[in-house]
Amino acid sequence: MKLYVTTTPGLEDVSASEIKSLGGKVKEIRHGRGRVFLTGDLKLVAKLNYLARTIERVMVLLKVEKFESLNDIYGIVKEIDFSFINPEQSFAIRPLRVGNHDFTSLDVGRVAGQAVIDSYLDGRGKRLKVNLDEPDVIIRVDVINDEVYVGLDTTGDVALHRRGYRVYEHPAPLNPAIASALVMLSEWKCDEILVDPMCGSGTILIESAMMCRNIPPQKFRKRFQFVKIWGDKVLEDVKRDVVEKRIDLNLVGIERFRKHLRGAKINSEVAGVADTIDYVQGDVTRLCLKRANVIVTNPPYGLRIAKRGLIEKLYEGFLKSVVNADRIVVITAEHKILKEKAEKLGYSFEGERWVKYGGLDTKVFVLV
Ligand SMILES: C[S@@+](CC[C@H](N)C(=O)[O-])C[C@H]1O[C@@H](n2cnc3c(N)ncnc32)[C@H](O)[C@@H]1O
């Protein structure tokens, strides 16, 4: 099958490596567009949905084509063979539109929906039911600039970054799929000491622990869309093959506010990794983290805590306190400040990349 996954724009290469490690054959990486194209079988679809840590959704690729008008989109969708849908099943279009167009995403949904109905009527002589709330089949129609991607969504409306352990909601939480990608970029090994010195609700540490203990990121998920189409046998096979490892890890979380720290502990308990993360209340700028091998962190952004002078002080203090670490991975929208302070303190930049995160242009730095 031809497949594609959506991921965070800027982290496509990390997702591509993960896909390869799970047995997928990567065909094309659309850098900056959050899409990776690959081939694989139904078992791979189940593996990606259940085991991949850095991706958002997995789709069966039905078509990708250039278009000029809304009419073209109708024609492109109508040409697709939808006979894999059972006549009793309902469907919904989930449209997305990025770029400048003279139509809205609602127009895309309307036109593509009609095209699916007309195509099915022509092919199978039946009118498919539309169900926008709980469809059996979800068709994604992503209009990105001058291209339209049509895919059968095997994941469903709840994207894979939703893990189910985040009982405590931090006001500025990091997307767990991005957290996992940062840990992968840090090349942390399970016997090294990893510290998140501004850990908030603990996402980075929890993802790290789940990774090393081989705990599936979707362990707590109840619904996968592909089960509605192909049944649950393959998913059960994939689940049966997972062997969790109860190893001890050196994970430390530091956080200034007691409330977040308490939340981090609760989330870690729900995820089943609380026994292996040490949480400490403290101010990173007043510490010297001598023993940490790897630092992975997501410091506050100015947009969220307004005062620039405070951010500058915090970033400088943080970089001074972790100066003995072997590798430091930071994601921040305050990239100019981070870069300036890191240069001043003599850090080398092993990596620097743009990452689109929730509408924000952030940068991920790998410092050594
Ligand atoms: C963007 S949030 C981190 C969110 C976290 N990654 C998560 O997913 O929940 C940044 C955190 O840094 C904490 N923080 C700010 N200044 C700090 C300091 N000087 N020392 C330690 N933590 C600090 C904030 O309280 C906040 O929880």
# chains A, B, ... in the order shown; residues from 1 in each chain; ligands from 1
>>> select_by_dssp(residues="region 122-350 of chain A", states="alpha helix (DSSP H)", output="VMD selection string")
chain A and resid 122 to 124 176 to 186 203 to 212 225 to 230 233 to 241 258 to 271 302 to 305 308 to 321 335 to 344
>>> residues_near_ligand(ligand="ligand 1", cutoff="7 Å", atoms="only C-alpha atoms and all ligand atoms", output="VMD selection string")
chain A and resid 170 172 to 175 197 to 204 254 to 257 260 282 to 285 297 to 301 314
>>> residues_around(residues="region 140-148 of chain A", least_positions_apart="2", cutoff="6 Å", atoms="only C-alpha atoms", output="list in words")
Val64, Glu65, Lys66, Phe67, Ile93, Arg94, Pro95, Leu96, Arg97, Val98, Gly99, Val150 and Gly151 of chain A
>>> write_last_selection(atoms="C-alpha atoms", output="short mmCIF file (atom, residue, chain, number, x, y, z; two decimals), in the first residue's frame")
data_model
loop_
_atom_site.label_atom_id
_atom_site.label_comp_id
_atom_site.auth_asym_id
_atom_site.auth_seq_id
_atom_site.Cartn_x
_atom_site.Cartn_y
_atom_site.Cartn_z
CA VAL A 64 -1.87 13.51 -4.61
CA GLU A 65 -2.21 15.91 -7.52
CA LYS A 66 -1.81 19.52 -8.56
CA PHE A 67 -5.01 21.50 -9.09
CA ILE A 93 -14.50 14.34 4.72
CA ARG A 94 -12.03 16.13 6.98
CA PRO A 95 -10.73 19.04 4.93
CA LEU A 96 -7.66 21.17 5.51
CA ARG A 97 -6.56 24.20 3.51
CA VAL A 98 -3.18 25.92 3.67
CA GLY A 99 -2.21 28.79 1.32
CA VAL A 150 -6.47 12.68 -0.57
CA GLY A 151 -6.03 9.98 2.04
#
>>> residues_around(residues="region 17-21 of chain A", least_positions_apart="3", cutoff="12 Å", atoms="only C-alpha atoms", output="ChimeraX atom specification")
/A:3-7,11-14,24-29,36-40,44-45,47-49,51-55,58,177,180-181,184-185
>>> closest_residue(among="A:Lys336, A:Arg35, A:Lys320, A:His161", to="Gly302 (chain A)", atoms="only C-alpha atoms")
A:Lys336
>>> residues_around(residues="Val242 (chain A)", least_positions_apart="4", cutoff="12 Å", atoms="only C-alpha atoms", output="VMD selection string")
chain A and resid 47 50 to 51 213 to 219 235 to 238
>>> write_last_selection(atoms="N, CA and C atoms", output="PDB file, in the first residue's frame")
ATOM      1  N   LYS A  47       1.288  -0.980  13.186  1.00  0.00           N
ATOM      2  CA  LYS A  47       2.501  -0.671  13.962  1.00  0.00           C
ATOM      3  C   LYS A  47       2.711   0.838  14.082  1.00  0.00           C
ATOM      4  N   TYR A  50       0.206   2.271  16.501  1.00  0.00           N
ATOM      5  CA  TYR A  50       0.332   1.854  17.905  1.00  0.00           C
ATOM      6  C   TYR A  50       1.699   2.188  18.506  1.00  0.00           C
ATOM      7  N   LEU A  51       2.739   2.169  17.661  1.00  0.00           N
ATOM      8  CA  LEU A  51       4.092   2.248  18.218  1.00  0.00           C
ATOM      9  C   LEU A  51       4.881   3.510  17.876  1.00  0.00           C
ATOM     10  N   ARG A 213      11.587   1.946  28.133  1.00  0.00           N
ATOM     11  CA  ARG A 213      10.909   0.765  28.694  1.00  0.00           C
ATOM     12  C   ARG A 213      10.042   0.056  27.659  1.00  0.00           C
ATOM     13  N   ASN A 214      10.087   0.578  26.435  1.00  0.00           N
ATOM     14  CA  ASN A 214       9.323  -0.025  25.343  1.00  0.00           C
ATOM     15  C   ASN A 214       7.819  -0.035  25.627  1.00  0.00           C
ATOM     16  N   ILE A 215       7.351   0.999  26.275  1.00  0.00           N
ATOM     17  CA  ILE A 215       5.906   1.121  26.527  1.00  0.00           C
ATOM     18  C   ILE A 215       5.284   1.794  25.301  1.00  0.00           C
ATOM     19  N   PRO A 216       4.307   1.143  24.669  1.00  0.00           N
ATOM     20  CA  PRO A 216       3.735   1.732  23.455  1.00  0.00           C
ATOM     21  C   PRO A 216       3.112   3.095  23.749  1.00  0.00           C
ATOM     22  N   PRO A 217       3.366   4.077  22.874  1.00  0.00           N
ATOM     23  CA  PRO A 217       2.808   5.408  23.115  1.00  0.00           C
ATOM     24  C   PRO A 217       1.278   5.412  23.103  1.00  0.00           C
ATOM     25  N   GLN A 218       0.683   4.429  22.428  1.00  0.00           N
ATOM     26  CA  GLN A 218      -0.788   4.395  22.373  1.00  0.00           C
ATOM     27  C   GLN A 218      -1.365   3.304  23.268  1.00  0.00           C
ATOM     28  N   LYS A 219      -0.641   2.948  24.285  1.00  0.00           N
ATOM     29  CA  LYS A 219      -1.101   1.914  25.215  1.00  0.00           C
ATOM     30  C   LYS A 219      -2.499   2.225  25.772  1.00  0.00           C
ATOM     31  N   LEU A 235      -4.103  -5.429  14.820  1.00  0.00           N
ATOM     32  CA  LEU A 235      -3.734  -4.630  15.992  1.00  0.00           C
ATOM     33  C   LEU A 235      -3.415  -5.557  17.169  1.00  0.00           C
ATOM     34  N   GLU A 236      -4.234  -6.572  17.345  1.00  0.00           N
ATOM     35  CA  GLU A 236      -3.985  -7.518  18.441  1.00  0.00           C
ATOM     36  C   GLU A 236      -2.640  -8.218  18.252  1.00  0.00           C
ATOM     37  N   ASP A 237      -2.306  -8.574  17.011  1.00  0.00           N
ATOM     38  CA  ASP A 237      -1.005  -9.206  16.728  1.00  0.00           C
ATOM     39  C   ASP A 237       0.133  -8.271  17.122  1.00  0.00           C
ATOM     40  N   VAL A 238      -0.005  -6.997  16.740  1.00  0.00           N
ATOM     41  CA  VAL A 238       1.050  -6.023  17.054  1.00  0.00           C
ATOM     42  C   VAL A 238       1.173  -5.865  18.565  1.00  0.00           C
TER      43      VAL A 238
END
>>> closest_residue(among="A:Ile331, A:Leu205, A:Thr155, A:Asp196", to="Leu289 (chain A)", atoms="only C-alpha atoms")
A:Asp196
>>> closest_residue(among="A:Met1, A:Val195, A:Ala115, A:Val108", to="Gly253 (chain A)", atoms="only C-alpha atoms")
A:Val195
>>> closest_residue(among="A:Phe224, A:Tyr315, A:Tyr120, A:Trp188", to="Ala159 (chain A)", atoms="only C-alpha atoms")
A:Phe224
>>> atom_distance(atom1="CA of Phe103 (chain A)", atom2="CA of Asp122 (chain A)")
26.9 Å
>>> residues_around(residues="Ser119 (chain A)", least_positions_apart="3", cutoff="9 Å", atoms="only C-alpha atoms", output="ChimeraX atom specification")
/A:77-82,114-116,122-124
>>> residues_around(residues="Thr154 (chain A)", least_positions_apart="5", cutoff="9 Å", atoms="only C-alpha atoms", output="PyMOL selection string")
chain A and resi 45-46+49+57-60+137-138+224-227+229
>>> write_last_selection(atoms="C-alpha atoms", output="compact mmCIF listing (two decimals), in the first residue's frame")
# COMPACT_ATOMS: atom_id res chain seq x y z
CA VAL A 45 -0.33 0.62 9.44
CA ALA A 46 -1.12 -0.99 12.80
CA ASN A 49 -0.51 3.78 14.76
CA ARG A 57 -1.63 10.45 11.67
CA VAL A 58 -1.27 7.61 9.19
CA MET A 59 -3.14 7.71 5.89
CA VAL A 60 -3.51 5.37 2.94
CA VAL A 137 -14.54 6.03 7.23
CA ILE A 138 -12.65 9.33 7.35
CA PHE A 224 -8.10 3.31 16.05
CA GLN A 225 -9.98 4.21 12.88
CA PHE A 226 -8.43 1.40 10.82
CA VAL A 227 -10.06 -1.19 13.08
CA ILE A 229 -12.34 -0.86 8.25
